[in-house]
Every structure is written in structure tokens, then in C-alpha cells.
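Engineer: What follows is target.cif, made up of mmCIF, C-alpha atoms:
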data_work
#
loop_
_atom_site.label_atom_id
_atom_site.label_comp_id
_atom_site.auth_asym_id
_atom_site.auth_seq_id
_atom_site.Cartn_x
_atom_site.Cartn_y
_atom_site.Cartn_z
CA MET W 17 -52.63 38.26 19.56
CA THR W 18 -54.88 38.82 16.56
CA LEU W 19 -55.12 36.29 13.74
CA ARG W 20 -53.33 38.73 11.44
CA ASN W 21 -50.39 39.04 13.85
CA LYS W 22 -50.22 35.27 14.26
CA ILE W 23 -49.98 34.87 10.49
CA LEU W 24 -47.23 37.51 10.29
CA VAL W 25 -45.21 35.71 13.01
CA LEU W 26 -45.62 32.40 11.20
CA VAL W 27 -44.49 33.90 7.87
CA ALA W 28 -41.44 35.47 9.54
CA ALA W 29 -40.49 32.18 11.19
CA LEU W 30 -40.79 30.34 7.88
CA ALA W 31 -38.60 32.94 6.20
CA VAL W 32 -35.91 32.50 8.85
CA LEU W 33 -36.01 28.71 8.47
CA ALA W 34 -35.79 29.01 4.69
CA GLY W 35 -32.78 31.32 5.02
CA VAL W 36 -31.02 28.89 7.35
CA ALA W 37 -31.71 25.97 5.00
CA THR W 38 -30.44 27.93 1.99
CA ALA W 39 -27.28 28.94 3.82
CA SER W 40 -26.67 25.34 4.86
CA VAL W 41 -27.09 24.10 1.30
CA LEU W 42 -24.77 26.80 -0.07
CA HIS W 43 -22.19 26.07 2.62
CA ALA W 44 -22.30 22.33 1.88
CA ALA W 45 -22.09 22.99 -1.86
CA GLY W 46 -19.16 25.32 -1.35
CA ARG W 47 -17.43 22.74 0.83
CA GLU W 48 -17.99 20.06 -1.83
CA ASP W 49 -16.71 22.41 -4.54
CA ARG W 50 -13.60 23.07 -2.49
CA LYS W 51 -13.17 19.34 -1.94
CA ASN W 52 -13.49 18.71 -5.68
CA GLN W 53 -10.72 21.14 -6.48
CA THR W 54 -7.03 20.62 -5.94
CA GLN W 55 -6.12 21.92 -2.50
CA ALA W 56 -4.16 25.17 -2.61
CA GLY W 57 -0.56 24.38 -3.30
CA GLY W 58 -1.41 20.80 -4.26
CA PRO W 59 -0.49 19.03 -7.47
CA PRO W 60 -2.60 19.55 -10.62
CA VAL W 61 -4.51 16.43 -11.65
CA ALA W 62 -6.42 15.80 -14.87
CA ALA W 63 -8.16 12.78 -16.34
CA GLY W 64 -6.36 10.91 -19.11
CA LYS W 65 -4.98 7.61 -20.30
CA VAL W 66 -2.81 5.62 -17.90
CA SER W 67 -0.94 2.53 -19.06
CA LEU W 68 1.08 -0.06 -17.17
CA THR W 69 3.18 -0.83 -20.23
CA PRO W 70 6.84 0.08 -19.66
CA ASP W 71 8.16 2.42 -22.33
CA ALA W 72 11.07 4.74 -23.03
CA THR W 73 9.81 7.34 -20.56
CA ARG W 74 10.10 5.92 -17.06
CA LYS W 75 7.06 6.69 -14.97
CA ILE W 76 5.56 6.31 -11.53
CA VAL W 77 2.03 4.96 -11.17
CA PHE W 78 0.51 5.48 -7.73
CA ARG W 79 -2.64 6.15 -5.76
CA ASN W 80 -3.39 9.87 -6.02
CA MET W 81 -4.29 11.33 -2.62
CA ALA W 82 -4.83 14.96 -3.71
CA TRP W 83 -8.28 16.31 -2.87
CA GLY W 84 -10.62 16.58 -5.80
CA PRO W 85 -12.63 14.38 -8.16
CA HIS W 86 -9.59 12.14 -8.81
CA ARG W 87 -8.71 11.33 -5.20
CA ASP W 88 -7.87 7.60 -4.72
CA GLU W 89 -7.49 7.04 -8.47
CA LEU W 90 -4.40 5.54 -10.01
CA ALA W 91 -2.37 8.37 -11.49
CA THR W 92 0.93 8.69 -13.27
CA VAL W 93 3.78 11.18 -13.56
CA PRO W 94 7.15 10.96 -15.31
CA ALA W 95 9.78 9.62 -12.90
CA ALA W 96 11.99 12.50 -13.97
CA ASP W 97 9.31 15.04 -12.93
CA PRO W 98 7.45 13.57 -9.95
CA ALA W 99 6.10 16.98 -8.87
CA GLY W 100 4.65 17.65 -12.32
CA PRO W 101 1.03 17.44 -13.52
CA ARG W 102 -0.67 14.11 -12.91
CA THR W 103 -2.75 12.03 -15.25
CA ALA W 104 -5.58 10.22 -13.44
CA SER W 105 -7.04 6.96 -14.71
CA GLY W 106 -10.50 6.76 -13.15
CA VAL W 107 -9.56 3.44 -11.47
CA LYS W 108 -9.65 3.64 -7.67
CA CYS W 109 -7.46 1.49 -5.42
CA LEU W 110 -6.65 1.35 -1.73
CA ARG W 111 -3.43 -0.54 -2.42
CA PHE W 112 -1.69 -1.03 -5.74
CA TYR W 113 1.40 -2.36 -7.42
CA ALA W 114 2.41 -3.20 -10.98
CA ALA W 115 5.20 -4.75 -13.04
CA ALA W 116 5.60 -5.94 -16.64
CA GLY W 117 2.14 -4.74 -17.67
CA THR W 118 0.29 -6.49 -14.81
CA GLY W 119 -1.33 -4.59 -11.95
CA ILE W 120 -2.95 -5.59 -8.70
CA CYS W 121 -5.55 -3.20 -7.28
CA LEU W 122 -7.11 -3.76 -3.86
CA GLN W 123 -10.47 -2.00 -3.83
CA ALA W 124 -13.26 -1.13 -1.43
CA GLU W 125 -16.86 -1.69 -2.41
CA ARG W 126 -19.04 0.60 -0.34
CA GLY W 127 -22.17 -1.00 1.07
CA ALA W 128 -25.21 0.41 2.86
CA MET W 129 -24.40 -1.50 6.05
CA GLN W 130 -20.79 -2.63 5.60
CA ASP W 131 -17.92 -2.24 3.17
CA SER W 132 -16.49 -5.21 1.31
CA TYR W 133 -13.16 -5.56 -0.47
CA ARG W 134 -11.77 -7.25 -3.55
CA ALA W 135 -8.49 -7.82 -5.34
CA VAL W 136 -8.58 -6.92 -9.03
CA VAL W 137 -5.90 -8.11 -11.46
CA LEU W 138 -5.42 -5.44 -14.13
CA ASP W 139 -3.98 -5.65 -17.62
CA ALA W 140 -1.68 -3.01 -19.08
CA GLN W 141 -4.66 -0.79 -19.98
CA LEU W 142 -6.11 -1.06 -16.46
CA LYS W 143 -8.88 -3.40 -17.62
CA GLU W 144 -9.99 -6.10 -15.21
CA ARG W 145 -8.61 -9.57 -15.95
CA ALA W 146 -9.95 -11.24 -12.81
CA HIS W 147 -11.13 -10.35 -9.33
CA TYR W 148 -11.23 -12.10 -5.95
CA THR W 149 -13.20 -11.37 -2.81
CA LEU W 150 -11.01 -10.35 0.11
CA PRO W 151 -11.66 -11.55 3.67
CA GLY W 152 -10.51 -8.31 5.31
CA ILE W 153 -9.04 -4.81 5.02
CA PRO W 154 -6.35 -4.43 2.30
CA THR W 155 -2.86 -3.56 3.50
CA ARG W 156 -0.11 -4.84 1.12
CA ALA W 157 0.14 -5.75 -2.59
CA ARG W 158 2.95 -6.86 -4.89
CA VAL W 159 3.57 -8.15 -8.44
CA SER W 160 6.55 -10.25 -9.50
CA PRO W 161 9.05 -8.64 -11.94
CA SER W 162 7.67 -10.84 -14.75
CA GLY W 163 4.04 -10.03 -13.95
CA HIS W 164 3.33 -13.77 -13.61
CA TRP W 165 2.67 -13.69 -9.85
CA VAL W 166 0.74 -11.33 -7.61
CA ALA W 167 0.29 -11.30 -3.84
CA TRP W 168 -1.82 -9.38 -1.39
CA THR W 169 -2.26 -9.14 2.37
CA VAL W 170 -5.37 -8.16 4.34
CA PHE W 171 -6.17 -7.66 8.00
CA VAL W 172 -8.74 -10.24 9.08
CA GLY W 173 -8.43 -9.04 12.69
CA GLY W 174 -7.25 -5.60 13.81
CA ASP W 175 -6.17 -2.85 11.43
CA SER W 176 -2.59 -1.92 12.38
CA TYR W 177 0.81 -3.60 12.57
CA ALA W 178 1.87 -1.43 15.53
CA GLY W 179 0.41 -3.72 18.20
CA THR W 180 0.30 -7.48 18.49
CA ASN W 181 -3.47 -8.01 18.51
CA PHE W 182 -4.02 -8.46 14.80
CA SER W 183 -4.34 -11.25 12.28
CA THR W 184 -3.44 -11.22 8.59
CA ARG W 185 -4.02 -13.39 5.56
CA THR W 186 -1.70 -13.35 2.56
CA ALA W 187 -2.65 -14.82 -0.80
CA VAL W 188 -0.50 -15.62 -3.84
CA LEU W 189 -1.90 -15.91 -7.37
CA ASP W 190 -0.39 -17.34 -10.56
CA THR W 191 -1.76 -14.94 -13.19
CA ARG W 192 -1.00 -17.39 -16.02
CA THR W 193 -3.08 -20.29 -14.69
CA GLY W 194 -5.40 -18.55 -12.23
CA GLN W 195 -4.23 -20.89 -9.45
CA LEU W 196 -4.80 -19.12 -6.14
CA THR W 197 -3.19 -19.96 -2.82
CA SER W 198 -5.60 -18.15 -0.51
CA SER W 199 -3.25 -18.25 2.50
CA LEU W 200 0.49 -18.71 2.90
CA GLU W 201 -0.39 -20.62 6.04
CA ASP W 202 -0.98 -23.55 3.64
CA PHE W 203 2.79 -23.63 2.96
CA LYS W 204 5.07 -25.76 5.12
CA ALA W 205 7.05 -23.46 7.42
CA TYR W 206 10.54 -23.92 8.86
CA LEU W 207 11.71 -21.78 11.78
CA ASP W 208 15.35 -21.97 12.89
CA GLY W 209 15.77 -25.17 10.89
CA LYS W 210 12.77 -26.99 12.37
CA GLU W 211 9.31 -27.53 10.95
CA HIS W 212 7.01 -24.98 12.57
CA HIS W 213 3.35 -25.37 13.52
CA ALA W 214 1.58 -22.68 15.57
CA ALA W 215 -1.94 -21.30 15.54
CA ASP W 216 -0.69 -17.73 15.93
CA THR W 217 1.38 -17.75 12.71
CA ASN W 218 0.76 -14.80 10.37
CA PHE W 219 2.34 -13.77 7.08
CA TRP W 220 2.45 -10.42 5.32
CA GLY W 221 4.47 -8.26 2.95
CA VAL W 222 5.42 -10.55 0.06
CA THR W 223 8.20 -9.41 -2.31
CA PHE W 224 9.09 -11.55 -5.34
CA ALA W 225 12.44 -12.60 -6.76
CA ALA W 226 13.05 -12.41 -10.51
CA ASP W 227 13.15 -16.20 -11.01
CA ASP W 228 9.36 -16.69 -10.69
CA GLN W 229 9.95 -19.29 -7.99
CA HIS W 230 11.12 -17.54 -4.84
CA PHE W 231 9.80 -14.76 -2.68
CA TYR W 232 10.40 -13.16 0.70
CA ALA W 233 7.84 -12.21 3.34
CA THR W 234 7.33 -11.57 7.04
CA MET W 235 6.28 -14.44 9.28
CA ALA W 236 5.10 -13.62 12.79
CA THR W 237 4.72 -16.13 15.61
CA GLY W 238 5.24 -16.19 19.35
CA GLY W 239 5.44 -12.40 19.53
CA HIS W 240 8.37 -12.21 17.09
CA THR W 241 8.73 -11.49 13.38
CA TYR W 242 11.04 -13.17 10.88
CA LEU W 243 12.16 -12.72 7.32
CA VAL W 244 11.27 -15.90 5.44
CA ARG W 245 12.26 -17.08 1.99
CA GLY W 246 9.48 -18.82 0.14
CA ASP W 247 9.58 -21.40 -2.62
CA LEU W 248 6.48 -21.38 -4.82
CA ALA W 249 7.22 -24.77 -6.37
CA ALA W 250 8.00 -26.57 -3.11
CA ARG W 251 5.35 -24.57 -1.19
CA THR W 252 7.69 -23.90 1.72
CA VAL W 253 8.86 -20.89 3.71
CA THR W 254 12.13 -20.86 5.66
CA SER W 255 13.22 -18.31 8.26
CA LEU W 256 16.37 -16.28 7.55
CA HIS W 257 16.54 -13.33 9.96
CA ALA W 258 14.65 -11.99 12.99
CA ASN W 259 12.83 -8.67 13.48
CA VAL W 260 11.92 -8.03 9.85
CA GLU W 261 8.61 -6.58 8.64
CA CYS W 262 7.39 -5.68 5.16
CA PRO W 263 10.49 -6.70 3.19
CA SER W 264 11.24 -5.34 -0.28
CA LEU W 265 13.81 -7.05 -2.51
CA SER W 266 16.24 -4.90 -4.50
CA PRO W 267 16.14 -5.12 -8.30
CA ASP W 268 19.51 -6.91 -8.31
CA GLY W 269 18.20 -9.44 -5.76
CA THR W 270 21.01 -8.86 -3.23
CA ARG W 271 19.36 -6.77 -0.49
CA ILE W 272 16.16 -6.46 1.45
CA VAL W 273 14.87 -3.13 2.78
CA TYR W 274 12.40 -3.49 5.63
CA LYS W 275 11.02 -1.88 8.75
CA LYS W 276 12.48 -3.06 12.07
CA ARG W 277 11.12 -2.52 15.58
CA VAL W 278 13.56 -0.49 17.64
CA PRO W 279 13.47 -0.48 21.46
CA GLY W 280 12.63 2.87 23.01
CA ARG W 281 10.42 4.12 20.21
CA PRO W 282 6.72 4.93 20.82
CA ALA W 283 4.39 1.94 20.80
CA ASP W 284 2.42 3.34 17.86
CA ALA W 285 5.54 4.25 15.84
CA PRO W 286 8.15 1.62 16.67
CA TRP W 287 9.92 1.14 13.33
CA HIS W 288 13.12 2.22 11.60
CA LEU W 289 14.06 1.41 8.01
CA TYR W 290 16.97 -1.00 7.54
CA ALA W 291 18.70 -2.71 4.64
CA LEU W 292 19.85 -6.32 4.91
CA ASP W 293 22.64 -7.77 2.75
CA LEU W 294 21.39 -11.27 1.94
CA ALA W 295 24.90 -12.68 1.43
CA THR W 296 26.31 -11.53 4.78
CA MET W 297 23.10 -10.84 6.78
CA ARG W 298 24.63 -7.49 7.73
CA GLU W 299 22.07 -4.80 8.62
CA THR W 300 22.40 -1.10 7.79
CA ALA W 301 20.13 1.56 9.29
CA LEU W 302 18.82 4.00 6.68
CA ALA W 303 18.95 7.76 7.19
CA GLU W 304 15.18 8.23 7.62
CA PRO W 305 14.70 9.14 11.31
CA ARG W 306 10.91 8.90 11.28
CA SER W 307 8.95 5.69 11.85
CA VAL W 308 7.87 4.23 8.51
CA ASP W 309 4.84 1.94 8.44
CA ASP W 310 5.05 0.94 4.79
CA GLN W 311 6.49 -1.65 2.45
CA ALA W 312 9.17 0.34 0.69
CA VAL W 313 9.61 0.30 -3.10
CA TRP W 314 12.99 0.35 -4.80
CA GLN W 315 13.36 3.32 -7.12
CA ASP W 316 16.55 1.72 -8.46
CA ASP W 317 19.40 -0.34 -7.00
CA HIS W 318 20.45 2.57 -4.79
CA THR W 319 17.31 4.33 -3.53
CA VAL W 320 14.01 3.33 -1.91
CA ALA W 321 10.66 5.12 -1.80
CA TYR W 322 8.07 4.95 0.98
CA SER W 323 5.06 6.80 2.39
CA LEU W 324 4.69 9.00 5.45
CA ALA W 325 1.68 10.85 6.79
CA GLY W 326 1.04 14.22 5.15
CA ASP W 327 -1.55 16.96 4.74
CA TYR W 328 -3.43 14.89 2.15
CA GLY W 329 -3.11 11.63 4.07
CA SER W 330 0.19 10.43 2.61
CA ASP W 331 3.29 11.81 0.90
CA LEU W 332 6.09 9.84 -0.74
CA TYR W 333 9.76 10.14 0.22
CA THR W 334 13.03 8.60 -0.92
CA VAL W 335 16.27 7.80 0.90
CA PRO W 336 19.52 6.07 -0.15
CA ALA W 337 19.57 2.34 0.61
CA ASP W 338 23.17 2.36 1.94
CA GLY W 339 22.59 4.45 5.06
CA THR W 340 24.04 7.67 3.64
CA GLY W 341 22.36 10.91 2.62
CA LYS W 342 19.04 12.13 3.94
CA PRO W 343 15.33 11.73 3.14
CA ARG W 344 13.87 13.74 0.26
CA ARG W 345 10.21 14.34 -0.54
CA LEU W 346 9.42 12.58 -3.81
CA LEU W 347 5.87 13.87 -4.25
CA THR W 348 2.98 15.09 -2.16
CA ALA W 349 -0.39 13.39 -1.88
CA GLY W 350 0.64 9.94 -3.07
CA LEU W 351 0.64 6.33 -1.90
CA ALA W 352 1.53 2.83 -3.19
CA PRO W 353 3.96 3.73 -6.01
CA ALA W 354 5.23 1.44 -8.76
CA TYR W 355 8.10 2.40 -11.06
CA LEU W 356 7.59 1.33 -14.67
CA GLY W 357 10.10 1.53 -17.50
#
Now that the file is in, can you turn its structure into C-alpha cells?
Structural biologist:
Amino acid sequence: MTLRNKILVLVAALAVLAGVATASVLHAAGREDRKNQTQAGGPPVAAGKVSLTPDATRKIVFRNMAWGPHRDELATVPAADPAGPRTASGVKCLRFYAAAGTGICLQAERGAMQDSYRAVVLDAQLKERAHYTLPGIPTRARVSPSGHWVAWTVFVGGDSYAGTNFSTRTAVLDTRTGQLTSSLEDFKAYLDGKEHHAADTNFWGVTFAADDQHFYATMATGGHTYLVRGDLAARTVTSLHANVECPSLSPDGTRIVYKKRVPGRPADAPWHLYALDLATMRETALAEPRSVDDQAVWQDDHTVAYSLAGDYGSDLYTVPADGTGKPRRLLTAGLAPAYLG
């Protein structure tokens, strides 16, 4: 082959490589553009002001899961129009809850070698009041009705409640004084009327009563789970009922909705939603047939909201809390809702 032919071959090869590189860049750019737009059929989302202050227009604040530049941001919609346009805040959370102008946002901080996590207490304008380093992966968050207490749970071992090989840590914070109880394991526990000590004890899923003193949570030990009632002043937890996970107290303080393991269900989807009357300890199965791995939120005294897997990662549904009716989709592409107002 002559030198001239060799040069022509080299030029042709370089042209092919340049074409491939250009096509790859354009394909990646197009994919990113598509990602940064709302998925076809998905909810419209636009940046704007989001407040946690309750007002005359009841609203839902939640983690927006719709694809686009506002994915994972706290967003809001009117409770009367949950499928309507969303206003995104710019604040990103993995888990979130709010009440009385106080929010708790569990965030990921992306690192070059490893992610870290933190709990951020937010004011009504979503400004940071305080933050705390988390020892594991965020999973649950709650605020008391007064906004004076917040709680969060993380996985410090494992990353799913479906099995038994996991470990959690649940913290409770007094937002007025800044006093932090980094683990509910520091509270004195009573199981079936006897003081309980066991290395395998885990707590998760706090839900607060309106009196700023009591709460409910799940305690796990010996391969079983229990609903416990906690006393923040006495620093105690006392078992009330077996086979209860991720409790959520009704606004009137009379019932707990929770997920319960049901024999015969798949190992990775073992739960059914139930309501427990705290006066009679009578259980009622709710009309959601699918397994729900979430801590439900009360929409009002009659209806609960919860997440299920969807095309965007998570959709929100509602179902009556008395066992009647049927599930209804509340909104697509959402997670961790809080009703305000």
C-alpha cells in the first residue's frame, strides 16, 4: 500500500470514529433531555414557592417522583386537585413529613466513594433550622401535630423490612430545646408487662399523639413485632399489640393504621393494611389487596394514604380506614405525603 493510500485509510477511520462519538454524544444528550422533561402522560411540574404553613387551602406536600429537573424535590398540590400542576421547591428529600409549620427532610449527600445521609429540620419556608448526621439509610420520618417533636428511622444494617436480617435506629428530637435522643433503645422497654432487655431489639415507625408526650412505634425482638406506646417524659415504651409495623395514629387519636404480616403471602411482600381500635384492640383489614410497605398517612379521620410501586418509582393511593370501599389512586409519581391545612 502506498503512503497516499495509507493516509486515506487513516482519514476514513478517523471520520468513522468521529461520527460514532458524535452520535453517542447526541444520543446521551437526547436521553438527558428526555429525562429532564416530564414523562409523557406525567404530571406537569414547575418551580415555585412551597410553604409548610397551613392556610385556608388545604394542600399536600410530598416528594415529587416525576422525571425531570424537579425529581426528588418537595412539591405541593391542592388537596382538592391532587392530579393538578405541581409546584416544586428545589429542596430534595428521600423521606419527608411536616406538621404545624415544621418539616423533617431526610437527605442523601452524594460522595465520590460513598453516600452519607442527614436529617434536616425545616421551618415553614423550607429553610434549615438544624441538621443531624444519620448513621444509615433513611426509611421513616414523622412530626408531631404541634411541630414540637420530630422522629426518624434509618437502616444501620440491611435495607428492607421484608426479611429479618436488618437493624434500625430511631431518633426523637425536641425541636424547641434541641434535645436529641439518638436511639429509642435508650428508653426503658416493657414487653407483656415485664421489663425487657434484648440485644436484638429494634424500633421504627414513630407516630406522635397530640399531647406532646406520647407516641406509638414498632418494637421488634425475638422474631416478632409489637405496637408500643411511648412516653417522652418517662422515657418508656410499653407493648400493646403483636404483629404491628409502621403504625400511624388517626387525627382523633382513637385508631392506628399499620401493616401486618399475613401468612401465605410472598416473603418479599408479606403485608396487609389493618386498622386497630385502641379502645377495644379490635383489628379491621382494609380493602387494599396489595402488599403495602409504607407508613400510611391519614388524609382525615376516615381515609389513609400510602405509596405503592409505579412507573415513576412510587404512586400514592387512598383507601377508607374502616375496611369498606376500594383503593383509589391519589396521584402518580409521589412519595412521603403530608397534609397541611
Engineer: Could you tell me which residues the PyMOL selection byres ((chain W and resi 112-121) around 6) returns for this structure, as number ranges by chain?
Structural biologist: W: 68-69, 109, 111, 122, 135-140, 157-159, 161-163, 352, 354
Engineer: For the structure shown, which residues end up in the PyMOL selection byres ((chain W and resi 230-239) around 9)? Put them as a ChimeraX atom specification, please?
Structural biologist: /W:160,180,214-229,240-249,253,255,259-265,272
Engineer: Could the residues in this selection be saved with C-alpha atoms as an mmCIF file, in the frame of the given file?
Structural biologist:
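Final output, again_9.cif:
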data_model
loop_
_atom_site.group_PDB
_atom_site.id
_atom_site.type_symbol
_atom_site.label_atom_id
_atom_site.label_comp_id
_atom_site.auth_asym_id
_atom_site.auth_seq_id
_atom_site.Cartn_x
_atom_site.Cartn_y
_atom_site.Cartn_z
ATOM 1 C CA SER W 160 6.550 -10.250 -9.500
ATOM 2 C CA THR W 180 0.300 -7.480 18.490
ATOM 3 C CA ALA W 214 1.580 -22.680 15.570
ATOM 4 C CA ALA W 215 -1.940 -21.300 15.540
ATOM 5 C CA ASP W 216 -0.690 -17.730 15.930
ATOM 6 C CA THR W 217 1.380 -17.750 12.710
ATOM 7 C CA ASN W 218 0.760 -14.800 10.370
ATOM 8 C CA PHE W 219 2.340 -13.770 7.080
ATOM 9 C CA TRP W 220 2.450 -10.420 5.320
ATOM 10 C CA GLY W 221 4.470 -8.260 2.950
ATOM 11 C CA VAL W 222 5.420 -10.550 0.060
ATOM 12 C CA THR W 223 8.200 -9.410 -2.310
ATOM 13 C CA PHE W 224 9.090 -11.550 -5.340
ATOM 14 C CA ALA W 225 12.440 -12.600 -6.760
ATOM 15 C CA ALA W 226 13.050 -12.410 -10.510
ATOM 16 C CA ASP W 227 13.150 -16.200 -11.010
ATOM 17 C CA ASP W 228 9.360 -16.690 -10.690
ATOM 18 C CA GLN W 229 9.950 -19.290 -7.990
ATOM 19 C CA HIS W 240 8.370 -12.210 17.090
ATOM 20 C CA THR W 241 8.730 -11.490 13.380
ATOM 21 C CA TYR W 242 11.040 -13.170 10.880
ATOM 22 C CA LEU W 243 12.160 -12.720 7.320
ATOM 23 C CA VAL W 244 11.270 -15.900 5.440
ATOM 24 C CA ARG W 245 12.260 -17.080 1.990
ATOM 25 C CA GLY W 246 9.480 -18.820 0.140
ATOM 26 C CA ASP W 247 9.580 -21.400 -2.620
ATOM 27 C CA LEU W 248 6.480 -21.380 -4.820
ATOM 28 C CA ALA W 249 7.220 -24.770 -6.370
ATOM 29 C CA VAL W 253 8.860 -20.890 3.710
ATOM 30 C CA SER W 255 13.220 -18.310 8.260
ATOM 31 C CA ASN W 259 12.830 -8.670 13.480
ATOM 32 C CA VAL W 260 11.920 -8.030 9.850
ATOM 33 C CA GLU W 261 8.610 -6.580 8.640
ATOM 34 C CA CYS W 262 7.390 -5.680 5.160
ATOM 35 C CA PRO W 263 10.490 -6.700 3.190
ATOM 36 C CA SER W 264 11.240 -5.340 -0.280
ATOM 37 C CA LEU W 265 13.810 -7.050 -2.510
ATOM 38 C CA ILE W 272 16.160 -6.460 1.450
#
Engineer: For Thr103 in chain W, which of W:Val172, W:Met297, W:Leu90, W:Ala337 is the closest residue, counting all atoms listed in the file?
Structural biologist: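 Closest to Thr103 in chain W of all the choices is W:Leu90.
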Engineer: Skip Asp327 in chain W itself and residues of its chain fewer than 3 positions away, then list as number ranges by chain all residues within 9 Å of it, counting only C-alpha atoms.
Structural biologist: W: 330-331, 348-349
Engineer: Running the PyMOL selection byres ((chain W and resi 171) around 9) on this model by hand, what would come out? Give it as a PyMOL selection string.
Structural biologist: chain W and resi 151-155+169-170+172-176+182-185
